[in-house]
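Participant: Sharing a structure with you now.
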Protein chains: 2
Amino acid sequence: MDFQSRCTIRQYTKQDVDEQLLNWMLETACRASNTGNMQTYSVIVTRDKAQKEALAPAHFNQPMVTEAPVVLTFCADYNRFCHWCDARQAKHGYDNFQSFIGAAIDTCLFAQTFANIAEKEGLGLCYLGTTTYNAGDIIRVLDLPKRVVPITTVTLGYPAEMPELQDRLPLDAIVHHEHYTDFTPQDIDRLYAEKEALPSSRQFIAENGKQTLAQVFTDVRYTKEACELFSEKFLQVLREQLFM
Amino acid sequence: MDFQSRCTIRQYTKQDVDEQLLNWMLETACRASNTGNMQTYSVIVTRDKAQKEALAPAHFNQPMVTEAPVVLTFCADYNRFCHWCDARQAKHGYDNFQSFIGAAIDTCLFAQTFANIAEKEGLGLCYLGTTTYNAGDIIRVLDLPKRVVPITTVTLGYPAEMPELQDRLPLDAIVHHEHYTDFTPQDIDRLYAEKEALPSSRQFIAENGKQTLAQVFTDVRYTKEACELFSEKFLQVLREQLFM
């Protein structure tokens with residue numbers, strides 16, 4: 001898949017992902033930009049069936065976790081760097097939020113470069129946003145030490161589906177020039193018109209008994225209660241892992 | 001540049017970046033994975049000289065900010081989505097940390113896909129980690145509303161330099177299988193041996209009057225005092241922008 005035609009892939013063939021290919025892709029992804037060349041990230045490769053089953057509940061049992069040949073958990077990681085500092089008479093001061101955010105950004109640049117490479121190689125993948133919801137459970141399953149926090153998860157395999165290209169907002173919903181130009185109600189109507197007119201959006205509204213597509217997001221998919229609960233849980237994880 | 005040979009580019013020719021090309025690259029980057037297809041990110045394009053000069057201090061006056069033809073500030077953005085909810089009788093509950101983290105991750109996947117596309121098109125770029133250090137200053141220069149937080153900045157142009165490939169740690173410093181395997185002092189010695197043996201590392205140590213390369217990081221480049229100061233500042237920005 002190229003950049004323009006890529007789609008999230010949730011169904012995979014039985015074909016395994018070759019170990020050498022995976023390592024080559026991960027090694028190449030390490031060429032992505034990172035802060036101070038500290039490489040404050042790591043990735044846990046899960047191929048073992050029992051480990052996938054142990055991870056699955058943290059991802060609300062989305063079937064990709066157990067069905068994909070490979071599950072990759074990308075982590076912000078100051079553990080290795082601090083070990084190095086300890087071994088070299090260097091007093092590190094990275095137990096704080098800015099260090100976490102920097103490491104989390106670098107983790108994402110690494111993960112996304114990996115994703116771009118993997119898709120170019122004909123693989124398909126799905127990101128799991130559940131990673132930051134239940135990071136504490138993932139830490140326990142993968143034995144992550146202090147100063148390591150899972151940021152995102154990618155399920156990986158060869159595509160067994162060819163989904164249609166998903167809609168995206170018009171570019172002027174995303175891009176601002178020189179200053180941020182806030183949106184009028186008319187702007188919002190125009191920018192969301194195509195999305196709201198999609199048959200799938202109308203179906204979403206009907207299935208969930210809502211009046212508008214936005215209500216499907218606020219009342220069903222990403223509710224205030226869930227967002228607040230998972231905020232508390234993730235902040236607790238950051239404290240336990242020494243980043244706050 | 002391909003994935004394997006890419007390097008950060010800090011010096012640019014006088015050649016401008018064509019507006020249509022830039023828009024095509026940004027539009028294509030929007031195909032990157034994102035949570036719930038909410039696209040909770042935005043990008044501010046800075047070409048104006050006065051605006052670059054206004055941004056520069058937030059980035060500690062690194063010369064790329066004023067010398068690059070284009071500066072892109074990538075932001076986590078729930079402002080547009082919440083406007084949509086408001087206009088559609090949907091009560092949003094995204095004023096919390098989990099929403100911020102999800103938006104920040106999606107912003108990075110968008111930014112890094114853009115970076116990969118731009119480098120494939122022959123452009124060169126540099127990420128500025130200073131973005132989260134002085135996010136409040138950037139918010140003021142770019143007029144970012146509540147629920148918008150700058151995450152990373154990319155300076156962009158045509159390369160006027162060909163830097164050598166930077167070192168990276170051996171892959172087994174980054175990759176763990178099934179469980180995280182913590183590092184022994186012997187592991188650390190082995191994994192950092194190549195980096196520590198580089199002439200540039202020895203030069204760094206000498207220039208800074210330190211005993212070890214790790215001390216250059218802890219005592220000069222990323223000190224505890226700076227990390228803690230910028231942690232407090234960024235947490236304050238998250239509170240002001242309604243994400244905490």
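Please note that chains go A, B, ... in the order of the structure tokens, that every chain numbers its residues from 1, and that ligands are numbered from 1 in the order shown.
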Which of range 121-223 of chain A counts as alpha helix (DSSP H) under DSSP, as a PyMOL selection string please?

Facilitator: chain A and resi 135-142+185-197+199-207+213-215

Participant: What are the closest atom pairs, with distances in Å to one decimal, for each residue of chain A lying within 7 Å of chain B, using only C-alpha atoms, rows by chain and rising residue number, as a Markdown table?

Facilitator:
| residue | atom | partner | partner_atom | distance |
| --- | --- | --- | --- | --- |
| A:Phe3 | CA | B:Thr28 | CA | 6.5 |
| A:Gln4 | CA | B:Thr28 | CA | 5.6 |
| A:Arg6 | CA | B:Arg31 | CA | 6.9 |
| A:Thr8 | CA | B:Ser33 | CA | 6.9 |
| A:Glu27 | CA | B:Leu171 | CA | 6.0 |
| A:Thr28 | CA | B:Gln4 | CA | 5.6 |
| A:Arg31 | CA | B:Gln4 | CA | 6.6 |
| A:Ser33 | CA | B:Thr8 | CA | 6.9 |
| A:Thr35 | CA | B:Gly129 | CA | 6.5 |
| A:Tyr41 | CA | B:Ile174 | CA | 6.8 |
| A:Ser42 | CA | B:Ile174 | CA | 4.5 |
| A:Val43 | CA | B:Val175 | CA | 5.1 |
| A:Ile44 | CA | B:His176 | CA | 4.7 |
| A:Val45 | CA | B:His177 | CA | 4.9 |
| A:Thr46 | CA | B:Glu178 | CA | 4.9 |
| A:Asp48 | CA | B:Glu178 | CA | 7.0 |
| A:Gln51 | CA | B:Glu178 | CA | 6.9 |
| A:Trp84 | CA | B:Ile188 | CA | 6.0 |
| A:Cys85 | CA | B:Ala214 | CA | 5.4 |
| A:Ala87 | CA | B:Pro185 | CA | 6.8 |
| A:Arg88 | CA | B:Thr212 | CA | 6.2 |
| A:Ala90 | CA | B:Gln215 | CA | 4.7 |
| A:Lys91 | CA | B:Thr218 | CA | 6.2 |
| A:His92 | CA | B:Thr218 | CA | 5.3 |
| A:Gly93 | CA | B:Lys224 | CA | 4.0 |
| A:Tyr94 | CA | B:Lys224 | CA | 6.5 |
| A:Asn96 | CA | B:Glu228 | CA | 6.4 |
| A:Phe97 | CA | B:Ser231 | CA | 5.2 |
| A:Gln98 | CA | B:Ser231 | CA | 4.5 |
| A:Ser99 | CA | B:Cys227 | CA | 6.7 |
| A:Ile105 | CA | B:Cys108 | CA | 6.5 |
| A:Cys108 | CA | B:Cys108 | CA | 5.9 |
| A:Leu109 | CA | B:Gln112 | CA | 5.6 |
| A:Gln112 | CA | B:Leu109 | CA | 5.6 |
| A:Thr113 | CA | B:Gln112 | CA | 6.9 |
| A:Gly129 | CA | B:Thr35 | CA | 6.5 |
| A:Leu142 | CA | B:His179 | CA | 4.7 |
| A:Asp143 | CA | B:Tyr180 | CA | 5.6 |
| A:Leu144 | CA | B:Tyr180 | CA | 5.7 |
| A:Leu171 | CA | B:Glu27 | CA | 6.0 |
| A:Ile174 | CA | B:Ser42 | CA | 4.5 |
| A:Val175 | CA | B:Val43 | CA | 5.1 |
| A:His176 | CA | B:Ile44 | CA | 4.7 |
| A:His177 | CA | B:Val45 | CA | 4.9 |
| A:Glu178 | CA | B:Thr46 | CA | 4.9 |
| A:His179 | CA | B:Leu142 | CA | 4.7 |
| A:Tyr180 | CA | B:Asp143 | CA | 5.6 |
| A:Pro185 | CA | B:Ala87 | CA | 6.8 |
| A:Ile188 | CA | B:Trp84 | CA | 6.0 |
| A:Thr212 | CA | B:Arg88 | CA | 6.2 |
| A:Ala214 | CA | B:Cys85 | CA | 5.4 |
| A:Gln215 | CA | B:Ala90 | CA | 4.7 |
| A:Thr218 | CA | B:His92 | CA | 5.3 |
| A:Thr223 | CA | B:Gly93 | CA | 6.4 |
| A:Lys224 | CA | B:Gly93 | CA | 4.0 |
| A:Cys227 | CA | B:Gln98 | CA | 6.0 |
| A:Glu228 | CA | B:Asn96 | CA | 6.3 |
| A:Phe230 | CA | B:Gln98 | CA | 6.2 |
| A:Ser231 | CA | B:Gln98 | CA | 4.5 |

Participant: What is the CA of Gln241 in chain A-CA of Val149 in chain A distance in Å, reported with one decimal?

Facilitator: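 According to the coordinates, CA of Gln241 in chain A and CA of Val149 in chain A are separated by 7.0 Å.
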